[in-house]
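A.B. asks: Got work21.pdb for you, PDB, C-alpha atoms:
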```
ATOM      1  CA  MET A   4     -10.800   3.322 -31.829
ATOM      2  CA  THR A   5      -7.209   2.320 -31.826
ATOM      3  CA  GLN A   6      -4.442   3.855 -29.839
ATOM      4  CA  THR A   7      -0.960   4.330 -30.991
ATOM      5  CA  ARG A   8       1.893   3.463 -28.748
ATOM      6  CA  GLY A   9       2.542   7.179 -27.918
ATOM      7  CA  GLU A  10      -1.087   7.788 -26.966
ATOM      8  CA  ALA A  11      -1.117   4.853 -24.567
ATOM      9  CA  TRP A  12       1.831   6.275 -22.685
ATOM     10  CA  ALA A  13       0.273   9.746 -22.488
ATOM     11  CA  ALA A  14      -3.008   8.659 -20.862
ATOM     12  CA  PRO A  15      -2.766   7.943 -17.105
ATOM     13  CA  HIS A  16      -3.410   4.361 -16.105
ATOM     14  CA  PRO A  17      -6.556   4.093 -13.921
ATOM     15  CA  ARG A  18      -4.602   2.531 -11.043
ATOM     16  CA  VAL A  19      -1.748   5.029 -11.096
ATOM     17  CA  PRO A  20      -2.747   8.143  -9.122
ATOM     18  CA  THR A  21      -2.146  11.540 -10.600
ATOM     19  CA  GLN A  22      -0.353  14.208  -8.607
ATOM     20  CA  GLU A  23      -3.661  15.966  -7.889
ATOM     21  CA  ARG A  24      -5.268  12.745  -6.692
ATOM     22  CA  THR A  25      -2.263  11.955  -4.518
ATOM     23  CA  LEU A  26      -2.403  15.397  -2.884
ATOM     24  CA  GLY A  27      -6.143  15.021  -2.334
ATOM     25  CA  LEU A  28      -5.667  11.641  -0.675
ATOM     26  CA  LEU A  29      -2.894  12.978   1.554
ATOM     27  CA  GLU A  30      -5.014  15.961   2.629
ATOM     28  CA  GLU A  31      -7.970  13.714   3.477
ATOM     29  CA  ARG A  32      -5.699  11.384   5.464
ATOM     30  CA  SER A  33      -4.260  14.353   7.363
ATOM     31  CA  ARG A  34      -7.754  15.588   8.235
ATOM     32  CA  ALA A  35      -8.785  12.104   9.431
ATOM     33  CA  LEU A  36      -5.676  11.805  11.616
ATOM     34  CA  ALA A  37      -6.270  15.278  13.074
ATOM     35  CA  ARG A  38      -9.897  14.378  13.911
ATOM     36  CA  ARG A  39      -8.761  11.164  15.557
ATOM     37  CA  GLY A  40      -6.123  13.040  17.574
ATOM     38  CA  ARG A  41      -8.650  15.665  18.734
ATOM     39  CA  ALA A  42     -11.155  12.975  19.707
ATOM     40  CA  ALA A  43      -8.511  11.143  21.741
ATOM     41  CA  ALA A  44      -7.420  14.357  23.458
ATOM     42  CA  GLU A  45     -11.017  15.310  24.266
ATOM     43  CA  ALA A  46     -11.737  11.841  25.622
ATOM     44  CA  THR A  47      -8.766  11.996  27.999
ATOM     45  CA  ALA A  48      -8.950  15.689  28.995
ATOM     46  CA  THR A  49      -8.904  15.954  32.784
ATOM     47  CA  ARG A  50      -8.870  18.698  35.386
ATOM     48  CA  SER A  51      -7.363  18.745  38.831
ATOM     49  CA  TYR A  52      -9.428  19.889  41.800
ATOM     50  CA  LEU A  53      -8.503  20.637  45.389
ATOM     51  CA  VAL A  54     -11.266  18.829  47.277
ATOM     52  CA  CYS A  55     -12.371  20.545  50.498
ATOM     53  CA  ALA A  56     -14.985  19.745  53.116
ATOM     54  CA  CYS A  57     -17.314  22.307  54.657
ATOM     55  CA  GLY A  58     -19.624  20.619  57.122
ATOM     56  CA  GLY A  59     -21.081  17.608  55.316
ATOM     57  CA  ASP A  60     -20.489  19.084  51.851
ATOM     58  CA  ARG A  61     -17.528  18.462  49.564
ATOM     59  CA  PHE A  62     -16.385  21.117  47.112
ATOM     60  CA  GLY A  63     -13.749  20.987  44.377
ATOM     61  CA  LEU A  64     -11.734  24.114  43.630
ATOM     62  CA  PRO A  65      -9.847  24.163  40.291
ATOM     63  CA  LEU A  66      -6.244  23.466  41.271
ATOM     64  CA  ALA A  67      -4.946  25.891  38.626
ATOM     65  CA  GLN A  68      -6.635  28.711  40.581
ATOM     66  CA  VAL A  69      -5.288  27.715  44.004
ATOM     67  CA  ALA A  70      -2.133  29.539  45.064
ATOM     68  CA  GLN A  71      -1.643  28.123  48.579
ATOM     69  CA  VAL A  72      -3.250  26.106  51.360
ATOM     70  CA  LEU A  73      -2.448  27.262  54.882
ATOM     71  CA  PRO A  74      -3.636  26.620  58.416
ATOM     72  CA  MET A  75      -6.308  29.014  59.659
ATOM     73  CA  ARG A  76      -5.074  32.434  60.748
ATOM     74  CA  PRO A  77      -6.467  35.002  63.195
ATOM     75  CA  VAL A  78      -9.248  36.943  61.480
ATOM     76  CA  THR A  79     -10.024  40.644  61.864
ATOM     77  CA  PRO A  80     -13.806  40.955  61.402
ATOM     78  CA  LEU A  81     -15.260  43.628  59.124
ATOM     79  CA  PRO A  82     -18.263  45.469  60.524
ATOM     80  CA  GLU A  83     -21.450  45.128  58.484
ATOM     81  CA  ALA A  84     -19.915  42.698  56.020
ATOM     82  CA  GLY A  85     -22.144  40.023  54.555
ATOM     83  CA  PRO A  86     -22.399  36.626  56.259
ATOM     84  CA  ALA A  87     -19.928  35.037  53.818
ATOM     85  CA  VAL A  88     -17.213  37.618  54.534
ATOM     86  CA  LEU A  89     -15.365  36.509  57.651
ATOM     87  CA  GLY A  90     -12.985  39.475  57.603
ATOM     88  CA  LEU A  91      -9.330  40.119  56.845
ATOM     89  CA  ILE A  92      -6.225  38.035  57.446
ATOM     90  CA  ALA A  93      -2.532  38.787  57.065
ATOM     91  CA  LEU A  94      -0.519  36.592  54.699
ATOM     92  CA  ALA A  95       3.154  37.351  54.050
ATOM     93  CA  GLY A  96       2.709  41.056  54.718
ATOM     94  CA  ARG A  97      -0.457  41.352  52.599
ATOM     95  CA  VAL A  98      -4.001  41.953  53.772
ATOM     96  CA  VAL A  99      -6.319  39.336  52.289
ATOM     97  CA  SER A 100     -10.127  39.155  52.345
ATOM     98  CA  LEU A 101     -11.390  35.886  53.807
ATOM     99  CA  LEU A 102     -14.666  34.319  52.675
ATOM    100  CA  ALA A 103     -16.363  31.295  54.195
ATOM    101  CA  LEU A 104     -16.739  28.990  51.180
ATOM    102  CA  ALA A 105     -19.939  27.273  52.353
ATOM    103  CA  ARG A 106     -21.666  30.566  53.180
ATOM    104  CA  ALA A 107     -20.537  32.108  49.876
ATOM    105  CA  LEU A 108     -22.332  29.229  48.145
ATOM    106  CA  GLY A 109     -25.502  29.744  50.177
ATOM    107  CA  ARG A 110     -24.957  26.753  52.461
ATOM    108  CA  PRO A 111     -25.649  27.114  56.180
ATOM    109  CA  ALA A 112     -22.712  27.474  58.524
ATOM    110  CA  ASP A 113     -21.935  24.302  60.433
ATOM    111  CA  PRO A 114     -22.133  25.327  64.121
ATOM    112  CA  ALA A 115     -19.846  22.444  65.179
ATOM    113  CA  GLY A 116     -17.388  22.933  62.329
ATOM    114  CA  GLU A 117     -14.621  25.459  62.540
ATOM    115  CA  ALA A 118     -12.522  26.393  59.541
ATOM    116  CA  ALA A 119      -9.136  24.749  59.825
ATOM    117  CA  HIS A 120      -7.657  25.754  56.463
ATOM    118  CA  VAL A 121      -7.298  28.846  54.332
ATOM    119  CA  VAL A 122      -7.139  28.426  50.552
ATOM    120  CA  LEU A 123      -5.508  31.409  48.850
ATOM    121  CA  VAL A 124      -7.073  31.987  45.427
ATOM    122  CA  ARG A 125      -4.837  32.857  42.465
ATOM    123  CA  GLY A 126      -5.489  35.421  39.770
ATOM    124  CA  GLY A 127      -8.030  37.788  41.256
ATOM    125  CA  ALA A 128      -7.879  41.567  41.109
ATOM    126  CA  ALA A 129      -7.750  41.659  44.914
ATOM    127  CA  PRO A 130      -6.226  38.970  47.141
ATOM    128  CA  VAL A 131      -8.917  36.601  48.403
ATOM    129  CA  ALA A 132      -8.819  33.429  50.471
ATOM    130  CA  LEU A 133     -11.493  30.882  51.280
ATOM    131  CA  ALA A 134     -12.039  29.347  54.706
ATOM    132  CA  VAL A 135     -12.803  25.613  54.626
ATOM    133  CA  ASP A 136     -13.230  23.051  57.409
ATOM    134  CA  ARG A 137     -10.557  20.794  55.978
ATOM    135  CA  VAL A 138      -8.680  20.032  52.770
ATOM    136  CA  LEU A 139      -9.122  16.402  51.725
ATOM    137  CA  GLY A 140      -6.695  16.214  48.810
ATOM    138  CA  VAL A 141      -6.448  16.513  45.036
ATOM    139  CA  ALA A 142      -8.741  14.784  42.521
ATOM    140  CA  GLU A 143      -8.064  14.325  38.809
ATOM    141  CA  ILE A 144     -11.438  14.207  37.037
ATOM    142  CA  PRO A 145     -12.113  13.641  33.311
ATOM    143  CA  ASP A 146     -14.048  16.598  31.894
ATOM    144  CA  ALA A 147     -16.649  14.200  30.519
ATOM    145  CA  ALA A 148     -17.343  12.845  34.041
ATOM    146  CA  LEU A 149     -18.630  16.188  35.379
ATOM    147  CA  ASP A 150     -22.415  16.359  35.472
ATOM    148  CA  THR A 151     -23.582  19.856  34.614
ATOM    149  CA  ALA A 152     -27.239  19.501  35.718
ATOM    150  CA  TYR A 153     -27.664  21.912  38.627
ATOM    151  CA  ALA A 154     -31.397  21.765  39.274
ATOM    152  CA  GLU A 155     -31.475  19.668  42.436
ATOM    153  CA  ALA A 156     -28.271  20.710  44.142
ATOM    154  CA  GLY A 157     -29.608  23.644  46.114
ATOM    155  CA  LEU A 158     -26.598  25.749  45.155
ATOM    156  CA  SER A 159     -26.470  28.791  42.978
ATOM    157  CA  ALA A 160     -25.786  27.547  39.460
ATOM    158  CA  GLU A 161     -23.771  30.668  38.701
ATOM    159  CA  ALA A 162     -20.913  29.485  40.930
ATOM    160  CA  VAL A 163     -21.077  25.780  40.056
ATOM    161  CA  SER A 164     -19.379  24.292  37.013
ATOM    162  CA  GLY A 165     -20.491  20.691  37.609
ATOM    163  CA  TYR A 166     -20.729  17.708  39.913
ATOM    164  CA  ALA A 167     -18.132  14.967  40.164
ATOM    165  CA  PRO A 168     -19.672  11.521  40.563
ATOM    166  CA  PRO A 169     -19.395   9.329  43.655
ATOM    167  CA  GLY A 170     -16.031   7.654  43.707
ATOM    168  CA  ALA A 171     -14.259  10.768  42.439
ATOM    169  CA  GLY A 172     -11.424  12.170  44.475
ATOM    170  CA  PRO A 173     -10.010  11.522  47.926
ATOM    171  CA  GLY A 174     -12.317   9.856  50.433
ATOM    172  CA  ALA A 175     -14.243   8.760  47.374
ATOM    173  CA  GLU A 176     -17.430   7.654  49.137
ATOM    174  CA  SER A 177     -19.225  10.640  47.635
ATOM    175  CA  GLY A 178     -18.646  13.042  44.788
ATOM    176  CA  PHE A 179     -18.117  16.780  45.046
ATOM    177  CA  VAL A 180     -19.410  20.048  43.660
ATOM    178  CA  ALA A 181     -16.952  21.664  41.218
ATOM    179  CA  ILE A 182     -16.839  25.414  41.872
ATOM    180  CA  ASP A 183     -16.289  28.124  39.263
ATOM    181  CA  LEU A 184     -14.079  30.463  41.317
ATOM    182  CA  PRO A 185     -14.135  33.527  39.015
ATOM    183  CA  ARG A 186     -17.947  33.556  39.027
ATOM    184  CA  LEU A 187     -18.052  33.031  42.793
ATOM    185  CA  MET A 188     -15.567  35.856  43.418
ATOM    186  CA  ARG A 189     -17.354  38.243  41.058
ATOM    187  CA  ARG A 190     -20.308  38.328  43.453
ATOM    188  CA  TYR A 191     -18.127  39.465  46.378
ATOM    189  CA  LEU A 192     -15.582  41.684  44.656
ATOM    190  CA  SER A 193     -17.829  43.822  42.478
TER     191      SER A 193
END
```
Turn this file's structure into structure tokens for me.
C.D. replies:
Amino acid sequence: MTQTRGEAWAAPHPRVPTQERTLGLLEERSRALARRGRAAAEATATRSYLVCACGGDRFGLPLAQVAQVLPMRPVTPLPEAGPAVLGLIALAGRVVSLLALARALGRPADPAGEAAHVVLVRGGAAPVALAVDRVLGVAEIPDAALDTAYAEAGLSAEAVSGYAPPGAGPGAESGFVAIDLPRLMRRYLS
């Protein structure tokens, strides 16, 4: 079969992409770049935690849900409240419920330890603060570093979002338990 000169110009050359092929290649490249960007973002996603000590335990509270850290205030006890509810405190003209963080997580109260700090929680329906022995600092933890196996921790899994490994956070000799504040508060505010 012979081609005339006009027919040769009409047929696309195998190495010259058509408009459809070009668009297809560009779409595939865009999808590959988007996947690579998502993978990089997921690999570097981190969360900030306020690391607190209660007795010998270390707990991490999501920093985005912490409104303020203050020195301990005088507490007005509430009769017949559960062991985790210490009572009420006054903060800037507001009455705020105060929970002992360790007790709220089912940990025993440290008889020698006395709460030195109050952590005001942000975003709840009612104002709530947590009493902790001391605030150690802020830790930036990659999401992938949190261990989500709760079986051997002795804490209620419903209030725990994971465990930061040893070396994570301030005073990095040991890790900490990352707390899910909305789930913890739900138990005491419902």
A.B. asks: Starting from the shown file, work through the PyMOL selection byres ((chain A and resi 55-63) around 7) and note down what comes out as a list of chain:residue names.
C.D. replies: A:Tyr52, A:Leu53, A:Val54, A:Leu64, A:Pro65, A:Ala105, A:Asp113, A:Gly116, A:Val135, A:Asp136, A:Arg137, A:Val138, A:Leu139, A:Phe179, A:Val180, A:Ala181, A:Ile182
A.B. asks: May I ask for the distance between CA of His120 in chain A and CA of Ala134 in chain A, given in Å to one decimal place?
C.D. replies: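 It comes out at 5.9 Å.
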A.B. asks: If I take CA of Ala37 in chain A and CA of Ser51 in chain A, how far is one from the other in Å, to one decimal?
C.D. replies: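 Going from CA of Ala37 in chain A over to CA of Ser51 in chain A covers 26.0 Å.
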A.B. asks: Between A:Leu89, A:Ala167, A:Leu149, A:Ala128, which one has atoms that come closest to Arg189 in chain A, using all atoms listed in the file?
C.D. replies: A:Ala128
A.B. asks: The PyMOL selection byres ((chain A and resi 123) around 6) on the file shown: which residues, as a VMD selection string?
C.D. replies: chain A and resid 70 to 71 122 124 132
A.B. asks: Using CA of Arg38 in chain A and CA of Ser164 in chain A as the two end points, give the distance in Å to one decimal.
C.D. replies: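 Calculated distance between CA of Arg38 in chain A and CA of Ser164 in chain A is 26.9 Å.
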A.B. asks: How would you write, as number ranges by chain, the residues chosen by the PyMOL selection byres ((chain A and resi 80) around 7) on this structure?
C.D. replies: A: 78-79, 81-82, 89-91
